[in-house]
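J.: This is data.json (JSON, C-alpha atoms).
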```
[["chain", "number", "residue", "atom", "x", "y", "z"],
["A", 1, "MET", "CA", 57.25, 56.61, 45.39],
["A", 2, "ASP", "CA", 57.34, 60.34, 46.06],
["A", 3, "TYR", "CA", 53.99, 61.94, 46.86],
["A", 4, "ILE", "CA", 53.11, 65.57, 47.60],
["A", 5, "SER", "CA", 50.44, 66.75, 50.02],
["A", 6, "LEU", "CA", 48.93, 70.03, 48.88],
["A", 7, "SER", "CA", 48.20, 72.85, 51.31],
["A", 8, "THR", "CA", 47.39, 76.54, 51.35],
["A", 9, "GLU", "CA", 51.14, 77.18, 51.36],
["A", 10, "ASN", "CA", 52.00, 75.31, 48.16],
["A", 11, "ILE", "CA", 48.82, 74.95, 46.13],
["A", 12, "GLU", "CA", 49.45, 77.98, 43.91],
["A", 13, "SER", "CA", 52.76, 76.52, 42.74],
["A", 14, "GLN", "CA", 51.53, 72.93, 42.39],
["A", 15, "HIS", "CA", 49.18, 71.35, 39.85],
["A", 16, "ILE", "CA", 46.03, 69.46, 40.89],
["A", 17, "CYS", "CA", 46.34, 66.64, 38.32],
["A", 18, "CYS", "CA", 43.23, 67.30, 36.18],
["A", 19, "ALA", "CA", 42.83, 69.95, 33.45],
["A", 20, "PHE", "CA", 46.24, 71.51, 34.10],
["A", 21, "SER", "CA", 46.85, 71.89, 30.33],
["A", 22, "ASP", "CA", 43.23, 72.51, 29.22],
["A", 23, "LYS", "CA", 43.14, 76.23, 28.48],
["A", 24, "LYS", "CA", 39.38, 76.42, 28.07],
["A", 25, "CYS", "CA", 38.99, 75.17, 31.64],
["A", 26, "THR", "CA", 41.41, 77.69, 33.13],
["A", 27, "ALA", "CA", 38.74, 79.44, 35.21],
["A", 28, "SER", "CA", 37.25, 76.12, 36.37],
["A", 29, "TYR", "CA", 40.74, 74.89, 37.25],
["A", 30, "GLN", "CA", 41.32, 77.91, 39.46],
["A", 31, "ALA", "CA", 37.85, 77.44, 40.99],
["A", 32, "LYS", "CA", 38.87, 73.92, 42.05],
["A", 33, "LYS", "CA", 42.00, 75.33, 43.66],
["A", 34, "GLU", "CA", 39.90, 77.88, 45.54],
["A", 35, "TRP", "CA", 37.56, 75.09, 46.65],
["A", 36, "LEU", "CA", 40.55, 73.10, 47.95],
["A", 37, "LYS", "CA", 41.89, 76.11, 49.87],
["A", 38, "GLN", "CA", 38.52, 76.41, 51.58],
["A", 39, "GLU", "CA", 38.34, 72.70, 52.39],
["A", 40, "PHE", "CA", 41.88, 72.53, 53.76],
["A", 41, "ASP", "CA", 40.46, 74.41, 56.75],
["A", 42, "ASN", "CA", 38.11, 71.43, 57.25],
["A", 43, "ASP", "CA", 40.98, 68.91, 57.41],
["A", 44, "TYR", "CA", 40.60, 67.98, 53.73],
["A", 45, "THR", "CA", 43.63, 66.29, 52.19],
["A", 46, "PHE", "CA", 44.89, 66.15, 48.61],
["A", 47, "ILE", "CA", 47.87, 63.86, 47.92],
["A", 48, "ARG", "CA", 49.37, 63.32, 44.48],
["A", 49, "LEU", "CA", 52.34, 61.72, 42.82],
["A", 50, "ASP", "CA", 55.27, 64.11, 42.32],
["A", 51, "GLU", "CA", 54.88, 63.94, 38.55],
["A", 52, "ARG", "CA", 52.89, 65.73, 35.88],
["A", 53, "ALA", "CA", 50.24, 63.03, 35.96],
["A", 54, "LYS", "CA", 46.75, 62.07, 37.13],
["A", 55, "VAL", "CA", 47.74, 60.04, 40.18],
["A", 56, "PHE", "CA", 46.08, 61.36, 43.32],
["A", 57, "ILE", "CA", 43.63, 60.85, 46.16],
["A", 58, "GLU", "CA", 41.41, 63.26, 48.10],
["A", 59, "TYR", "CA", 39.74, 62.64, 51.44],
["A", 60, "GLY", "CA", 38.42, 64.30, 54.58],
["A", 61, "PRO", "CA", 36.10, 63.90, 57.56],
["A", 62, "ALA", "CA", 32.77, 62.47, 56.43],
["A", 63, "GLU", "CA", 30.93, 65.03, 58.53],
["A", 64, "GLN", "CA", 32.42, 67.78, 56.32],
["A", 65, "ALA", "CA", 32.16, 65.91, 53.01],
["A", 66, "TRP", "CA", 30.35, 67.43, 50.05],
["A", 67, "GLN", "CA", 28.35, 64.22, 49.78],
["A", 68, "PRO", "CA", 24.85, 63.31, 51.09],
["A", 69, "ILE", "CA", 26.02, 60.62, 53.49],
["A", 70, "ASP", "CA", 25.64, 59.81, 57.19],
["A", 71, "ALA", "CA", 28.99, 58.44, 58.33],
["A", 72, "PRO", "CA", 29.97, 59.86, 61.74],
["A", 73, "ASN", "CA", 33.63, 59.42, 62.62],
["A", 74, "TYR", "CA", 34.59, 58.09, 59.17],
["A", 75, "LEU", "CA", 36.91, 59.48, 56.53],
["A", 76, "ALA", "CA", 35.22, 59.98, 53.16],
["A", 77, "LEU", "CA", 37.08, 59.54, 49.88],
["A", 78, "GLY", "CA", 36.77, 62.28, 47.29],
["A", 79, "CYS", "CA", 38.41, 61.92, 43.89],
["A", 80, "PHE", "CA", 40.79, 58.97, 43.59],
["A", 81, "TRP", "CA", 42.48, 58.44, 40.26],
["A", 82, "VAL", "CA", 45.45, 56.55, 38.82],
["A", 83, "SER", "CA", 45.67, 56.90, 35.06],
["A", 84, "GLY", "CA", 47.68, 55.97, 31.99],
["A", 85, "LYS", "CA", 51.13, 54.44, 32.33],
["A", 86, "TYR", "CA", 50.93, 54.73, 36.11],
["A", 87, "LYS", "CA", 48.31, 52.00, 36.41],
["A", 88, "GLN", "CA", 49.36, 48.60, 37.75],
["A", 89, "SER", "CA", 52.30, 50.23, 39.53],
["A", 90, "GLY", "CA", 51.04, 50.07, 43.10],
["A", 91, "HIS", "CA", 50.00, 53.71, 43.35],
["A", 92, "GLY", "CA", 46.36, 52.97, 44.05],
["A", 93, "LYS", "CA", 47.14, 50.70, 46.99],
["A", 94, "ALA", "CA", 49.82, 53.05, 48.29],
["A", 95, "LEU", "CA", 47.52, 56.09, 48.23],
["A", 96, "LEU", "CA", 44.61, 54.22, 49.78],
["A", 97, "GLN", "CA", 46.86, 52.85, 52.50],
["A", 98, "GLN", "CA", 47.80, 56.41, 53.46],
["A", 99, "VAL", "CA", 44.11, 57.16, 54.04],
["A", 100, "ILE", "CA", 43.63, 53.98, 56.07],
["A", 101, "ASP", "CA", 46.69, 54.78, 58.18],
["A", 102, "VAL", "CA", 45.37, 58.28, 58.92],
["A", 103, "ALA", "CA", 41.97, 56.84, 59.83],
["A", 104, "LYS", "CA", 43.63, 54.50, 62.32],
["A", 105, "GLN", "CA", 45.80, 57.27, 63.78],
["A", 106, "GLN", "CA", 42.73, 59.48, 64.26],
["A", 107, "GLY", "CA", 40.62, 56.72, 65.78],
["A", 108, "LYS", "CA", 38.10, 56.78, 62.94],
["A", 109, "HIS", "CA", 35.54, 54.01, 62.49],
["A", 110, "GLY", "CA", 36.68, 53.53, 58.90],
["A", 111, "VAL", "CA", 36.65, 54.90, 55.35],
["A", 112, "VAL", "CA", 33.66, 55.41, 53.05],
["A", 113, "ALA", "CA", 33.36, 55.90, 49.29],
["A", 114, "VAL", "CA", 30.48, 56.86, 47.00],
["A", 115, "VAL", "CA", 30.59, 54.77, 43.81],
["A", 116, "GLY", "CA", 28.26, 53.18, 41.27],
["A", 117, "ASN", "CA", 26.95, 49.63, 40.95],
["A", 118, "LYS", "CA", 29.14, 49.69, 37.85],
["A", 119, "LYS", "CA", 32.02, 52.04, 37.02],
["A", 120, "TYR", "CA", 30.63, 55.58, 37.02],
["A", 121, "HIS", "CA", 32.65, 58.45, 35.58],
["A", 122, "PHE", "CA", 34.47, 60.65, 38.11],
["A", 123, "MET", "CA", 34.00, 58.02, 40.81],
["A", 124, "SER", "CA", 36.32, 55.39, 42.24],
["A", 125, "ASP", "CA", 36.43, 51.91, 40.73],
["A", 126, "THR", "CA", 33.83, 49.84, 42.60],
["A", 127, "LYS", "CA", 35.31, 46.42, 41.82],
["A", 128, "TRP", "CA", 38.79, 47.52, 42.84],
["A", 129, "LEU", "CA", 37.63, 48.92, 46.19],
["A", 130, "LEU", "CA", 35.71, 45.72, 46.92],
["A", 131, "LYS", "CA", 38.93, 43.79, 46.34],
["A", 132, "GLN", "CA", 40.62, 46.04, 48.91],
["A", 133, "GLY", "CA", 38.14, 45.00, 51.59],
["A", 134, "PHE", "CA", 35.36, 47.55, 51.20],
["A", 135, "VAL", "CA", 31.78, 46.29, 51.48],
["A", 136, "GLN", "CA", 28.47, 47.71, 50.29],
["A", 137, "CYS", "CA", 26.48, 49.39, 53.06],
["A", 138, "ASP", "CA", 23.81, 51.29, 51.10],
["A", 139, "SER", "CA", 22.49, 52.01, 47.59],
["A", 140, "ASN", "CA", 19.76, 53.88, 45.73],
["A", 141, "ASP", "CA", 17.60, 53.30, 42.66],
["A", 142, "ASP", "CA", 19.86, 55.37, 40.38],
["A", 143, "GLY", "CA", 22.66, 52.86, 40.73],
["A", 144, "PHE", "CA", 24.74, 54.67, 43.34],
["A", 145, "VAL", "CA", 26.41, 52.61, 46.04],
["A", 146, "LEU", "CA", 28.00, 53.52, 49.36],
["A", 147, "LEU", "CA", 31.00, 51.39, 50.30],
["A", 148, "SER", "CA", 32.76, 51.25, 53.64],
["A", 149, "LEU", "CA", 35.96, 49.80, 55.02],
["A", 150, "LYS", "CA", 35.30, 49.39, 58.74],
["A", 151, "LEU", "CA", 38.07, 49.69, 61.28],
["A", 152, "THR", "CA", 35.67, 49.53, 64.24],
["A", 153, "PRO", "CA", 33.50, 46.40, 63.75],
["A", 154, "SER", "CA", 30.84, 47.57, 66.21],
["A", 155, "ALA", "CA", 30.37, 50.99, 64.59],
["A", 156, "PRO", "CA", 26.99, 51.68, 62.89],
["A", 157, "PRO", "CA", 27.15, 51.26, 59.10],
["A", 158, "PRO", "CA", 27.27, 54.47, 57.03],
["A", 159, "SER", "CA", 24.25, 55.30, 54.88],
["A", 160, "PHE", "CA", 22.97, 57.68, 52.25],
["A", 161, "LYS", "CA", 20.83, 60.57, 53.44],
["A", 162, "ALA", "CA", 17.07, 60.59, 52.82],
["A", 163, "SER", "CA", 17.42, 63.06, 49.95],
["A", 164, "VAL", "CA", 19.21, 60.35, 47.97],
["A", 165, "LYS", "CA", 16.86, 57.49, 48.79],
["A", 166, "ALA", "CA", 13.87, 59.26, 47.22],
["A", 167, "PRO", "CA", 15.31, 62.02, 45.01],
["A", 168, "HIS", "CA", 12.86, 64.75, 44.03],
["A", 169, "ILE", "CA", 13.59, 66.42, 40.68],
["A", 170, "GLU", "CA", 11.05, 69.19, 40.11],
["A", 171, "ALA", "CA", 11.89, 70.45, 36.63],
["A", 172, "SER", "CA", 11.56, 68.63, 33.31],
["A", 173, "GLY", "CA", 14.07, 68.92, 30.50],
["A", 174, "CYS", "CA", 17.70, 68.79, 31.62],
["A", 175, "VAL", "CA", 18.56, 69.31, 35.27],
["A", 176, "VAL", "CA", 22.21, 69.30, 36.28],
["A", 177, "TYR", "CA", 23.77, 69.33, 39.74],
["A", 178, "TYR", "CA", 27.44, 70.24, 40.05],
["A", 179, "SER", "CA", 30.12, 71.85, 42.19],
["A", 180, "ASN", "CA", 33.70, 73.09, 41.94],
["A", 181, "ARG", "CA", 34.98, 69.75, 43.26],
["A", 182, "CYS", "CA", 36.21, 69.11, 39.70],
["A", 183, "PRO", "CA", 38.09, 71.51, 37.39],
["A", 184, "TYR", "CA", 36.03, 70.36, 34.39],
["A", 185, "SER", "CA", 32.49, 70.65, 35.74],
["A", 186, "GLU", "CA", 31.74, 74.37, 35.74],
["A", 187, "TYR", "CA", 33.12, 75.06, 32.28],
["A", 188, "HIS", "CA", 31.21, 72.22, 30.65],
["A", 189, "VAL", "CA", 27.97, 73.05, 32.47],
["A", 190, "ILE", "CA", 27.91, 76.81, 31.79],
["A", 191, "GLU", "CA", 29.40, 76.54, 28.30],
["A", 192, "SER", "CA", 28.96, 73.11, 26.66],
["A", 193, "LEU", "CA", 25.67, 72.04, 28.26],
["A", 194, "VAL", "CA", 24.04, 75.45, 27.86],
["A", 195, "GLU", "CA", 24.95, 75.37, 24.17],
["A", 196, "SER", "CA", 23.80, 71.77, 23.65],
["A", 197, "CYS", "CA", 20.41, 72.34, 25.28],
["A", 198, "ALA", "CA", 19.80, 75.66, 23.51],
["A", 199, "LYS", "CA", 20.58, 74.08, 20.14],
["A", 200, "ARG", "CA", 17.88, 71.45, 20.76],
["A", 201, "GLY", "CA", 15.33, 73.69, 22.44],
["A", 202, "ILE", "CA", 15.58, 71.76, 25.70],
["A", 203, "ALA", "CA", 14.92, 73.55, 28.98],
["A", 204, "LEU", "CA", 17.95, 73.54, 31.28],
["A", 205, "THR", "CA", 18.04, 73.95, 35.05],
["A", 206, "THR", "CA", 21.45, 74.24, 36.67],
["A", 207, "VAL", "CA", 21.98, 73.72, 40.39],
["A", 208, "LYS", "CA", 25.42, 74.56, 41.71],
["A", 209, "PHE", "CA", 26.42, 73.48, 45.19],
["A", 210, "ASP", "CA", 28.30, 76.36, 46.81],
["A", 211, "THR", "CA", 28.39, 74.96, 50.34],
["A", 212, "ALA", "CA", 28.88, 71.59, 51.99],
["A", 213, "GLU", "CA", 25.42, 71.87, 53.51],
["A", 214, "GLN", "CA", 23.84, 72.17, 50.05],
["A", 215, "ALA", "CA", 25.80, 69.19, 48.77],
["A", 216, "GLN", "CA", 24.92, 67.13, 51.83],
["A", 217, "ASN", "CA", 21.23, 67.57, 50.97],
["A", 218, "SER", "CA", 21.67, 66.76, 47.30],
["A", 219, "PRO", "CA", 19.22, 64.40, 45.55],
["A", 220, "THR", "CA", 22.23, 62.72, 43.94],
["A", 221, "PRO", "CA", 25.37, 61.32, 45.59],
["A", 222, "ALA", "CA", 27.46, 62.55, 42.63],
["A", 223, "THR", "CA", 27.90, 66.19, 43.60],
["A", 224, "ILE", "CA", 30.73, 66.77, 41.14],
["A", 225, "PHE", "CA", 28.31, 66.37, 38.23],
["A", 226, "SER", "CA", 24.96, 64.62, 37.81],
["A", 227, "LEU", "CA", 22.72, 65.01, 34.77],
["A", 228, "PHE", "CA", 18.99, 64.28, 34.81],
["A", 229, "TYR", "CA", 16.69, 64.40, 31.78],
["A", 230, "ASN", "CA", 12.91, 64.48, 32.15],
["A", 231, "LYS", "CA", 13.40, 63.58, 35.82],
["A", 232, "GLN", "CA", 15.46, 60.46, 35.08],
["A", 233, "PHE", "CA", 19.10, 60.13, 36.10],
["A", 234, "ILE", "CA", 21.33, 59.99, 33.03],
["A", 235, "THR", "CA", 25.02, 60.10, 33.88],
["A", 236, "THR", "CA", 27.94, 61.39, 35.93],
["A", 237, "ASP", "CA", 29.99, 61.72, 32.74],
["A", 238, "ILE", "CA", 30.77, 65.40, 32.14],
["A", 239, "SER", "CA", 31.43, 64.73, 28.46],
["A", 240, "ALA", "CA", 27.64, 64.34, 28.06],
["A", 241, "CYS", "CA", 27.51, 68.14, 28.03],
["A", 242, "MET", "CA", 29.29, 68.30, 24.70],
["A", 243, "ASP", "CA", 27.23, 68.73, 21.54],
["A", 244, "SER", "CA", 28.88, 65.75, 19.84],
["A", 245, "ARG", "CA", 27.96, 63.39, 22.71],
["A", 246, "PHE", "CA", 24.78, 64.86, 24.17],
["A", 247, "ASP", "CA", 22.23, 62.97, 22.04],
["A", 248, "ARG", "CA", 23.77, 59.61, 22.83],
["A", 249, "PHE", "CA", 23.09, 60.11, 26.53],
["A", 250, "ILE", "CA", 19.51, 61.33, 26.37],
["A", 251, "LYS", "CA", 18.13, 59.21, 23.53],
["A", 252, "THR", "CA", 17.17, 56.30, 25.80],
["A", 253, "VAL", "CA", 14.74, 58.55, 27.72],
["A", 254, "ASP", "CA", 13.03, 59.69, 24.54],
["A", 255, "GLN", "CA", 12.49, 56.15, 23.29]]
```
Before anything else, please render the file you have as structure tokens.

T.:
Amino acid sequence: MDYISLSTENIESQHICCAFSDKKCTASYQAKKEWLKQEFDNDYTFIRLDERAKVFIEYGPAEQAWQPIDAPNYLALGCFWVSGKYKQSGHGKALLQQVIDVAKQQGKHGVVAVVGNKKYHFMSDTKWLLKQGFVQCDSNDDGFVLLSLKLTPSAPPPSFKASVKAPHIEASGCVVYYSNRCPYSEYHVIESLVESCAKRGIALTTVKFDTAEQAQNSPTPATIFSLFYNKQFITTDISACMDSRFDRFIKTVDQ
């Protein structure tokens, strides 16, 4: 299996797996590349299969992660995806093992991952990670779960930050939190979601995380994309922004 590690030297000539052929997301795609360039300086790593496919893993020091977690001396998983015909081919285990090996080499306490109590969009597969030895170490009322794979048994367990345990959403209507961690998020927030809310006369508040510090104090663990409606968490699924799917996601709050 041939994998490529992206860096500031090769990222302009290499694809980043998602949205590479989606012309409407061209600006968002480049924004993700710019985000990666910035994070490479913080020891962030992006490894993908040497194919035109969605087979990749991202990770970095938990202290620098764009996630509201307390996990000193851990590595934190970012996006981790094996799709289509590449499933059931050992890529998931091979990519995860690379992260575990790096954690051991660097003397880390382990690896952490933000997931859902069921499969949440744009998050790793909870059941699969549990089968790989991860265990639950924290959760919140919106169904988010923090998993850890400890390499140092005596190390304190990672946890969500206080902002996640009791999230405070001030505005009514739709409130969305997002960042350039994903090449789809910005386009669908500033284009699709703006259009969907305007069409229905729904107030929209957008909160973009431009720094790790902002993301680390987020009221939601899903800093790629989290949608709230009338102060209730709705989804991490970016497709909810689209006019054809929007009503399906918010109708349960109105009932």

J.: Skipping near chain neighbours, those fewer than 4 positions away, what residues fall within 8 Å of Ile169 (chain A) using all atoms listed in the file, listed as a list in words?

T.: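 Counting all atoms listed in the file, the residues come to Val175, Pro219 and Lys231 of chain A.
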
J.: Could you produce a table of the residues of region 26-92 of chain A lying within 12 Å of region 196-210 of chain A, with the nearest pair of atoms per residue and their separation in Å rounded to one decimal, using only C-alpha atoms, ordered by chain and increasing residue number, as JSON lines?

T.:
```
{"residue": "A:Ala31", "atom": "CA", "partner": "A:Asp210", "partner_atom": "CA", "distance": 11.2}
{"residue": "A:Lys32", "atom": "CA", "partner": "A:Asp210", "partner_atom": "CA", "distance": 11.8}
{"residue": "A:Glu34", "atom": "CA", "partner": "A:Asp210", "partner_atom": "CA", "distance": 11.8}
{"residue": "A:Trp35", "atom": "CA", "partner": "A:Asp210", "partner_atom": "CA", "distance": 9.3}
{"residue": "A:Gln38", "atom": "CA", "partner": "A:Asp210", "partner_atom": "CA", "distance": 11.3}
{"residue": "A:Trp66", "atom": "CA", "partner": "A:Phe209", "partner_atom": "CA", "distance": 8.7}
{"residue": "A:Gln67", "atom": "CA", "partner": "A:Phe209", "partner_atom": "CA", "distance": 10.5}
{"residue": "A:Pro68", "atom": "CA", "partner": "A:Phe209", "partner_atom": "CA", "distance": 11.9}
```

J.: Which residues come within 9 Å of Phe160 (chain A), counting all atoms listed in the file, excluding same-chain residues fewer than 3 positions away, as a list in words?

T.: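 In the requested format, the answer is Gln67, Pro68, Ile69, Asp70, Ala71, Asp138, Ser139, Asn140, Val145, Leu146, Ser163, Val164, Lys165 and Pro221 of chain A.
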
J.: In Å, with one decimal, what is the gap from CA of Ile16 (chain A) to CA of Tyr184 (chain A)?

T.: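 Pair CA of Ile16 (chain A) / CA of Tyr184 (chain A) returns 12.0 Å.
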
J.: Using CA of Asp22 (chain A) and CA of Val82 (chain A) as the two end points, give the distance in Å to one decimal.

T.: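 Between CA of Asp22 (chain A) and CA of Val82 (chain A) the gap is 18.8 Å.
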
J.: Hey, which of A:Ile238, A:Val189, A:Met1, A:Cys18 ends up closest to Tyr120 (chain A)? Count only C-alpha atoms.

T.: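 Smallest separation from Tyr120 (chain A) among the options: A:Ile238.
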
J.: In Å, how far is it from CA of Gln106 (chain A) to CA of Tyr44 (chain A)?

T.: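 Atom-to-atom, CA of Gln106 (chain A) and CA of Tyr44 (chain A) are spaced 13.7 Å apart.
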
J.: Restricting the calculation to only C-alpha atoms: of A:Gly133, A:Pro61, A:Gly110, A:Gly143, which residue gets closest to Ala155 (chain A)?

T.: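 Of the candidates, the smallest distance to Ala155 (chain A) is held by A:Gly110.
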
J.: Give, as JSON, the centre coordinates and the x, y and z edge lengths in Å to one decimal for an axis-aligned box around all listed atoms of region 52-56 of chain A, padded by 5 Å on each side.

T.:
```
{"center_x": 49.5, "center_y": 62.9, "center_z": 39.6, "size_x": 16.8, "size_y": 15.7, "size_z": 17.4}
```

J.: Would you mind writing region 153-175 of chain A with N, CA and C atoms, as an mmCIF file, keeping the file's coordinate frame?

T.:
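Once written, part.cif looks like this:
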```
data_model
loop_
_atom_site.group_PDB
_atom_site.id
_atom_site.type_symbol
_atom_site.label_atom_id
_atom_site.label_comp_id
_atom_site.auth_asym_id
_atom_site.auth_seq_id
_atom_site.Cartn_x
_atom_site.Cartn_y
_atom_site.Cartn_z
ATOM 1 N N PRO A 153 34.577 47.332 64.137
ATOM 2 C CA PRO A 153 33.500 46.400 63.750
ATOM 3 C C PRO A 153 32.141 46.731 64.347
ATOM 4 N N SER A 154 32.118 47.298 65.542
ATOM 5 C CA SER A 154 30.840 47.570 66.210
ATOM 6 C C SER A 154 30.203 48.891 65.793
ATOM 7 N N ALA A 155 30.889 49.675 64.987
ATOM 8 C CA ALA A 155 30.370 50.990 64.590
ATOM 9 C C ALA A 155 29.146 50.825 63.688
ATOM 10 N N PRO A 156 28.155 51.732 63.777
ATOM 11 C CA PRO A 156 26.990 51.680 62.890
ATOM 12 C C PRO A 156 27.424 51.832 61.433
ATOM 13 N N PRO A 157 26.776 51.143 60.512
ATOM 14 C CA PRO A 157 27.150 51.260 59.100
ATOM 15 C C PRO A 157 26.777 52.631 58.542
ATOM 16 N N PRO A 158 27.615 53.218 57.699
ATOM 17 C CA PRO A 158 27.270 54.470 57.030
ATOM 18 C C PRO A 158 26.068 54.287 56.111
ATOM 19 N N SER A 159 25.418 55.386 55.767
ATOM 20 C CA SER A 159 24.250 55.300 54.880
ATOM 21 C C SER A 159 24.110 56.579 54.078
ATOM 22 N N PHE A 160 23.334 56.492 53.000
ATOM 23 C CA PHE A 160 22.970 57.680 52.250
ATOM 24 C C PHE A 160 21.914 58.453 53.033
ATOM 25 N N LYS A 161 21.864 59.765 52.815
ATOM 26 C CA LYS A 161 20.830 60.570 53.440
ATOM 27 C C LYS A 161 19.503 60.378 52.715
ATOM 28 N N ALA A 162 18.422 60.790 53.363
ATOM 29 C CA ALA A 162 17.070 60.590 52.820
ATOM 30 C C ALA A 162 16.891 61.251 51.463
ATOM 31 N N SER A 163 17.572 62.348 51.224
ATOM 32 C CA SER A 163 17.420 63.060 49.950
ATOM 33 C C SER A 163 17.849 62.215 48.766
ATOM 34 N N VAL A 164 18.713 61.227 49.015
ATOM 35 C CA VAL A 164 19.210 60.350 47.970
ATOM 36 C C VAL A 164 18.317 59.124 47.776
ATOM 37 N N LYS A 165 17.679 58.695 48.853
ATOM 38 C CA LYS A 165 16.860 57.490 48.790
ATOM 39 C C LYS A 165 15.597 57.708 47.961
ATOM 40 N N ALA A 166 15.063 58.929 48.010
ATOM 41 C CA ALA A 166 13.870 59.260 47.220
ATOM 42 C C ALA A 166 14.077 60.633 46.592
ATOM 43 N N PRO A 167 14.972 60.721 45.592
ATOM 44 C CA PRO A 167 15.310 62.020 45.010
ATOM 45 C C PRO A 167 14.108 62.695 44.346
ATOM 46 N N HIS A 168 13.976 63.981 44.587
ATOM 47 C CA HIS A 168 12.860 64.750 44.030
ATOM 48 C C HIS A 168 13.418 65.757 43.026
ATOM 49 N N ILE A 169 13.151 65.529 41.758
ATOM 50 C CA ILE A 169 13.590 66.420 40.680
ATOM 51 C C ILE A 169 12.360 67.155 40.177
ATOM 52 N N GLU A 170 12.265 68.445 40.438
ATOM 53 C CA GLU A 170 11.050 69.190 40.110
ATOM 54 C C GLU A 170 10.918 69.497 38.627
ATOM 55 N N ALA A 171 11.976 69.958 38.004
ATOM 56 C CA ALA A 171 11.890 70.450 36.630
ATOM 57 C C ALA A 171 12.030 69.331 35.601
ATOM 58 N N SER A 172 11.374 69.512 34.449
ATOM 59 C CA SER A 172 11.560 68.630 33.310
ATOM 60 C C SER A 172 12.698 69.164 32.453
ATOM 61 N N GLY A 173 12.929 68.530 31.309
ATOM 62 C CA GLY A 173 14.070 68.920 30.500
ATOM 63 C C GLY A 173 15.342 68.428 31.182
ATOM 64 N N CYS A 174 16.431 69.145 30.997
ATOM 65 C CA CYS A 174 17.700 68.790 31.620
ATOM 66 C C CYS A 174 17.847 69.502 32.955
ATOM 67 N N VAL A 175 18.232 68.755 33.957
ATOM 68 C CA VAL A 175 18.560 69.310 35.270
ATOM 69 C C VAL A 175 19.948 68.790 35.626
#
```
